[in-house]
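Colleague: Input structure: model00.txt, which contains compact mmCIF, C-alpha atoms.
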# COMPACT_ATOMS: atom_id res chain seq x y z
CA MET A 1 154.32 82.54 22.48
CA ILE A 2 150.60 82.87 23.23
CA SER A 3 149.88 79.27 22.23
CA ALA A 4 152.78 77.99 24.33
CA THR A 5 151.61 79.98 27.35
CA LEU A 6 148.04 78.78 26.85
CA ARG A 7 149.21 75.16 26.70
CA THR A 8 151.09 75.70 29.96
CA ILE A 9 147.99 77.09 31.68
CA THR A 10 145.55 74.51 30.35
CA GLY A 11 147.96 71.67 31.09
CA ARG A 12 147.80 72.23 34.83
CA LYS A 13 145.57 69.42 36.01
CA GLY A 14 144.79 70.87 39.43
CA SER A 15 143.94 74.44 38.49
CA PHE A 16 142.61 74.40 34.94
CA LEU A 17 141.44 70.86 34.27
CA GLY A 18 140.17 70.31 37.81
CA GLY A 19 138.59 73.75 37.97
CA THR A 20 136.91 73.38 34.58
CA THR A 21 135.49 70.00 35.58
CA PHE A 22 134.27 71.45 38.88
CA VAL A 23 132.40 74.29 37.16
CA LEU A 24 130.83 71.89 34.67
CA VAL A 25 129.75 69.48 37.42
CA THR A 26 128.25 72.38 39.39
CA VAL A 27 126.21 73.47 36.36
CA VAL A 28 125.07 69.89 35.75
CA ILE A 29 123.93 69.65 39.39
CA VAL A 30 121.90 72.86 39.02
CA ILE A 31 120.32 71.55 35.81
CA ALA A 32 119.53 68.18 37.41
CA ALA A 33 118.03 69.90 40.46
CA ASN A 34 115.67 71.91 38.26
CA ILE A 35 114.57 68.77 36.43
CA VAL A 36 114.05 66.78 39.63
CA LEU A 37 112.09 69.59 41.30
CA HIS A 38 109.83 69.83 38.26
CA GLU A 39 109.20 66.08 38.29
CA LEU A 40 108.53 65.98 42.03
CA ARG A 41 106.35 69.09 42.24
CA PRO A 42 105.16 70.12 38.77
CA GLY A 43 102.50 72.32 40.26
CA ARG A 44 104.93 74.42 42.25
CA ASN A 45 107.67 74.16 39.62
CA PRO A 46 105.85 74.17 36.26
CA SER A 47 108.98 74.89 34.20
CA MET A 48 111.80 72.43 33.76
CA GLY A 49 113.90 74.89 31.79
CA GLY A 50 113.27 78.54 31.03
CA GLN A 51 114.19 81.53 33.13
CA GLY A 52 114.47 79.60 36.38
CA MET A 53 117.14 77.29 35.00
CA LEU A 54 118.96 80.16 33.30
CA ASP A 55 119.07 82.07 36.59
CA GLY A 56 120.29 79.00 38.49
CA VAL A 57 123.05 78.21 36.01
CA GLY A 58 124.00 81.87 35.79
CA GLY A 59 124.30 82.05 39.58
CA ALA A 60 126.54 78.98 39.67
CA LEU A 61 128.75 80.42 36.94
CA PHE A 62 128.87 83.79 38.68
CA ILE A 63 130.23 82.19 41.87
CA PHE A 64 132.25 79.17 40.83
CA GLY A 65 133.29 80.39 37.39
CA VAL A 66 134.82 83.48 38.98
CA VAL A 67 136.58 81.42 41.67
CA VAL A 68 138.16 79.13 39.08
CA ALA A 69 139.09 82.14 36.92
CA ILE A 70 140.84 83.62 39.96
CA LEU A 71 142.74 80.38 40.42
CA ILE A 72 143.75 80.32 36.75
CA GLY A 73 144.83 83.97 36.75
CA SER A 74 146.72 83.82 40.04
CA LEU A 75 148.78 80.81 38.99
CA ALA A 76 149.39 82.24 35.52
CA GLY A 77 150.97 85.27 37.15
CA SER A 78 153.02 83.53 39.83
CA TYR A 79 153.77 80.03 38.59
CA ASP A 80 156.82 80.64 36.39
CA VAL A 81 158.64 82.60 39.08
CA ALA A 82 157.59 80.27 41.90
CA GLN A 83 158.83 77.22 39.95
CA GLY A 84 162.01 78.89 38.76
CA THR A 85 161.17 78.71 35.06
CA MET A 86 160.91 82.46 34.47
CA ARG A 87 164.67 82.78 34.14
CA TYR A 88 164.63 80.31 31.24
CA LEU A 89 161.93 82.28 29.48
CA VAL A 90 164.04 85.42 29.80
CA ILE A 91 167.16 83.58 28.60
CA THR A 92 165.41 82.73 25.32
CA GLY A 93 165.72 86.39 24.39
CA ALA A 94 162.00 87.12 24.51
CA ARG A 95 161.23 90.53 25.89
CA ARG A 96 159.58 90.59 29.28
CA GLY A 97 156.81 92.75 27.89
CA GLN A 98 156.10 90.13 25.23
CA ILE A 99 156.04 87.38 27.83
CA TYR A 100 153.64 89.38 29.98
CA ALA A 101 151.38 90.36 27.06
CA ALA A 102 151.22 86.74 25.90
CA ARG A 103 150.28 85.70 29.42
CA ILE A 104 147.41 88.23 29.48
CA VAL A 105 145.97 86.91 26.22
CA ALA A 106 146.46 83.31 27.33
CA VAL A 107 144.59 83.93 30.60
CA VAL A 108 141.62 85.38 28.69
CA LEU A 109 141.60 82.40 26.33
CA ALA A 110 141.93 79.92 29.19
CA VAL A 111 139.01 81.48 31.06
CA LEU A 112 136.88 81.34 27.90
CA LEU A 113 137.81 77.68 27.39
CA MET A 114 136.85 76.96 30.99
CA LEU A 115 133.44 78.59 30.50
CA VAL A 116 132.44 77.54 27.00
CA VAL A 117 130.91 74.12 27.75
CA PRO A 118 128.97 74.98 30.95
CA VAL A 119 127.74 78.30 29.53
CA ALA A 120 126.58 76.66 26.29
CA LEU A 121 124.99 73.73 28.15
CA GLY A 122 123.01 76.06 30.40
CA ALA A 123 121.80 78.20 27.51
CA ILE A 124 120.79 75.24 25.34
CA LEU A 125 118.92 73.33 28.05
CA ALA A 126 117.24 76.42 29.49
CA SER A 127 115.89 77.15 26.02
CA ALA A 128 115.10 73.58 24.95
CA LEU A 129 113.57 72.02 28.07
CA PRO A 130 109.82 72.52 28.65
CA HIS A 131 108.84 75.78 30.32
CA THR A 132 105.83 78.00 30.63
CA ALA A 133 105.28 81.17 28.63
CA ALA A 134 105.94 83.17 31.78
CA ASP A 135 109.42 81.61 32.03
CA SER A 136 110.30 81.99 28.36
CA ILE A 137 113.72 83.37 27.48
CA THR A 138 114.41 86.11 24.96
CA SER A 139 117.54 86.32 22.85
CA GLY A 140 118.54 89.44 24.77
CA GLU A 141 118.38 87.53 28.06
CA LEU A 142 120.61 84.81 26.60
CA VAL A 143 123.12 87.43 25.50
CA ASP A 144 123.07 88.99 28.99
CA TYR A 145 123.60 85.55 30.56
CA VAL A 146 126.65 84.82 28.39
CA TRP A 147 128.06 88.34 28.69
CA THR A 148 127.78 88.41 32.48
CA ALA A 149 129.40 84.99 32.94
CA VAL A 150 132.30 85.90 30.65
CA LEU A 151 132.75 89.47 31.89
CA PHE A 152 133.09 88.73 35.59
CA ALA A 153 135.33 85.70 35.08
CA VAL A 154 137.68 87.45 32.65
CA VAL A 155 137.94 90.61 34.75
CA PHE A 156 138.75 88.80 37.99
CA GLY A 157 141.02 86.38 36.14
CA LEU A 158 143.10 89.29 34.80
CA ILE A 159 143.15 91.10 38.13
CA SER A 160 144.33 87.89 39.78
CA MET A 161 147.06 87.52 37.18
CA GLY A 162 148.31 90.97 38.10
CA ILE A 163 148.28 90.05 41.78
CA GLY A 164 150.09 86.77 41.06
CA SER A 165 152.75 88.57 39.02
CA LEU A 166 153.23 91.05 41.85
CA LEU A 167 153.45 88.50 44.67
CA ARG A 168 155.35 85.79 42.73
CA SER A 169 154.20 83.03 45.07
CA ASN A 170 151.33 80.65 44.27
CA GLY A 171 149.65 80.34 47.67
CA PRO A 172 149.67 84.03 48.65
CA ALA A 173 148.62 85.03 45.11
CA ILE A 174 145.54 82.80 45.26
CA ALA A 175 144.69 83.87 48.81
CA ILE A 176 145.02 87.61 48.18
CA SER A 177 143.10 87.37 44.91
CA LEU A 178 140.23 85.57 46.63
CA VAL A 179 140.21 88.08 49.49
CA PHE A 180 140.11 90.94 47.01
CA SER A 181 137.23 89.52 44.98
CA ILE A 182 135.13 88.09 47.81
CA GLY A 183 135.90 90.50 50.62
CA PHE A 184 137.50 93.75 49.55
CA THR A 185 135.55 94.40 46.34
CA PRO A 186 132.14 94.30 48.10
CA LEU A 187 133.63 96.29 50.99
CA LEU A 188 134.44 99.13 48.60
CA LEU A 189 130.70 99.67 48.18
CA LEU A 190 130.87 101.43 51.56
CA LEU A 191 132.22 104.37 49.57
CA TYR A 192 128.57 105.10 48.75
CA SER A 193 128.33 106.52 52.28
CA LEU A 194 130.91 109.14 51.32
CA SER A 195 129.96 109.85 47.73
CA GLU A 196 127.56 108.30 45.25
CA THR A 197 130.03 108.96 42.44
CA LEU A 198 132.82 107.13 44.27
CA GLY A 199 130.47 104.25 44.95
CA ASP A 200 129.42 104.04 41.31
CA ALA A 201 133.09 103.95 40.27
CA THR A 202 133.92 100.88 42.37
CA LEU A 203 134.64 97.68 40.50
CA ALA A 204 131.50 95.89 41.69
CA SER A 205 129.18 98.76 40.71
CA SER A 206 130.87 99.29 37.34
CA LEU A 207 130.68 95.60 36.51
CA ASP A 208 127.04 95.51 37.51
CA ARG A 209 126.31 98.50 35.29
CA ILE A 210 127.90 97.09 32.14
CA SER A 211 126.36 93.67 32.75
CA GLY A 212 122.81 94.98 32.68
CA GLY A 213 122.32 97.07 35.82
CA ASP A 214 120.05 100.08 35.59
CA ASP A 215 121.74 102.35 38.14
CA GLY A 216 125.17 103.92 38.29
CA LEU A 217 127.53 105.58 35.86
CA PRO A 218 126.79 105.85 32.14
CA ILE A 219 127.65 102.51 30.52
CA ALA A 220 130.65 103.89 28.62
CA VAL A 221 132.08 105.49 31.77
CA ALA A 222 131.46 102.30 33.75
CA GLY A 223 133.33 100.38 31.05
CA VAL A 224 136.28 102.75 31.35
CA SER A 225 136.19 102.29 35.12
CA VAL A 226 136.42 98.50 34.77
CA VAL A 227 139.30 98.81 32.29
CA MET A 228 141.14 101.11 34.70
CA TRP A 229 140.67 98.70 37.62
CA VAL A 230 142.11 95.87 35.55
CA ALA A 231 144.91 98.07 34.17
CA VAL A 232 146.03 99.08 37.66
CA PHE A 233 146.56 95.50 38.80
CA LEU A 234 148.12 94.39 35.51
CA GLY A 235 150.31 97.48 35.63
CA PHE A 236 151.69 96.65 39.08
CA GLY A 237 152.34 93.10 37.91
CA ALA A 238 154.11 94.35 34.77
CA VAL A 239 156.38 96.63 36.80
CA ARG A 240 157.37 93.70 39.03
CA VAL A 241 158.09 91.48 36.01
CA HIS A 242 160.22 94.15 34.34
CA ARG A 243 162.25 95.03 37.43
CA ASP A 244 162.86 91.63 38.99
CA GLU A 245 166.04 89.59 38.74
CA TYR A 246 165.48 85.96 37.90
Please express what this file holds, its structure, as structure tokens.

Modeller:
Amino acid sequence: MISATLRTITGRKGSFLGGTTFVLVTVVIVIAANIVLHELRPGRNPSMGGQGMLDGVGGALFIFGVVVAILIGSLAGSYDVAQGTMRYLVITGARRGQIYAARIVAVVLAVLLMLVVPVALGAILASALPHTAADSITSGELVDYVWTAVLFAVVFGLISMGIGSLLRSNGPAIAISLVFSIGFTPLLLLLYSLSETLGDATLASSLDRISGGDDGLPIAVAGVSVVMWVAVFLGFGAVRVHRDEY
């Protein structure tokens, strides 16, 4: 069931294939820009690769990788109902919980497949291209780069899947998921004005903490906070899937 669901997600040319290509092209543009800037102004930009390239690629993945993960997750949650195919999945005799669990795993795998080439390309070229000693990259920094790119994309992909399952309509699911990640999640940081603990427990702060941030909750507690945020959205989606008539 997982492999069938994954094939369904990855077979969508507009969301998965188009989104994956877009992220890869964005990373290639960042890499090319670093190379061109080095060639044009080697004095001001002494490193072609190194930390500067890793930061640039990481920034592109942080923005566009998350956006594409949101698109993948939203459609994974809403597509079957919106297209009328959910009833056929239920008719097969598969339990709704199994269908939903397979969809969760498939979304994680699809997000990883979307990221694997651009993440690897950025890491390899940032390490291999000429750079100064000051811009050298440690193995720990490479691990942080990969972990951050994967963490944010997977988390927002799963949250978006929950939203898509709850709303059952492709367009609204994508729109609400984007609003939540781009608008509402940063807005929650205003809770710092009420309580530092509440602020530290927001999704953005917890993600920052477990992706290398120095301030906030203990790492284990921040990890639990992220899991709870994801579980809430997936839980609402699961309730809708279990209670709906198809």

Colleague: What does the structure give for the distance between CA of Val30 in chain A and CA of Val154 in chain A, in Å to one decimal?

Modeller: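 Going from CA of Val30 in chain A over to CA of Val154 in chain A, I get 22.4 Å.
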
Colleague: If you measure from CA of Leu109 in chain A to CA of Asp208 in chain A, what distance in Å do you get, rounded to one decimal?

Modeller: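 Interatomic distance here is 22.6 Å.
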
Colleague: Can you tell me how far CA of Ile35 in chain A sits from CA of Leu129 in chain A, in Å to one decimal?

Modeller: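 Going from CA of Ile35 in chain A over to CA of Leu129 in chain A, I get 9.0 Å.
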
Colleague: Need to verify the contact set: range 136-152 of chain A, 10 Å, only C-alpha atoms, exclusion of same-chain residues closer than 2 positions in sequence. Can you return it as a VMD selection string?

Modeller: chain A and resid 47 49 to 52 54 to 55 57 to 63 65 to 66 69 108 111 to 112 115 to 116 119 to 120 122 to 124 126 to 127 130 to 134 154 to 157 204 207 to 208 210 to 212

Colleague: Looking at A:Ile159, A:Ala173, A:Leu187, A:Leu6, which one is nearest to Val227 in chain A, with distances taken over all atoms listed in the file?

Modeller: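 For Val227 in chain A, the nearest of the given residues is A:Ile159.
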
Colleague: Mind dumping a table of every range 95-116 of chain A residue within 10 Å of range 73-79 of chain A, with the nearest atom pair and its distance in Å to one decimal, using all atoms listed in the file, sorted by chain and rising number, as a Markdown table?

Modeller:
| residue | atom | partner | partner_atom | distance |
| --- | --- | --- | --- | --- |
| A:Tyr100 | CA | A:Gly77 | CA | 8.7 |
| A:Arg103 | CA | A:Ala76 | CA | 7.1 |
| A:Ile104 | CA | A:Ala76 | CA | 8.7 |
| A:Ala106 | CA | A:Ala76 | CA | 8.8 |
| A:Val107 | CA | A:Gly73 | CA | 6.2 |
| A:Val108 | CA | A:Gly73 | CA | 8.8 |
| A:Ala110 | CA | A:Gly73 | CA | 9.1 |
| A:Val111 | CA | A:Gly73 | CA | 8.5 |

Colleague: Around (135.5, 72.4, 33.3) in the file's own coordinates, what residues are found within 9 Å if you use all atoms listed in the file, given back as an MDAnalysis selection string?

Modeller: chainID A and resid 16:25 113:118

Colleague: Counting only C-alpha atoms, figure out which residue out of A:Ile70, A:Phe184, A:Met53, A:Glu196 gets nearest to Ala32 in chain A.

Modeller: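 Checking each of A:Ile70, A:Phe184, A:Met53, A:Glu196 against Ala32 in chain A, counting only C-alpha atoms, the winner is A:Met53.
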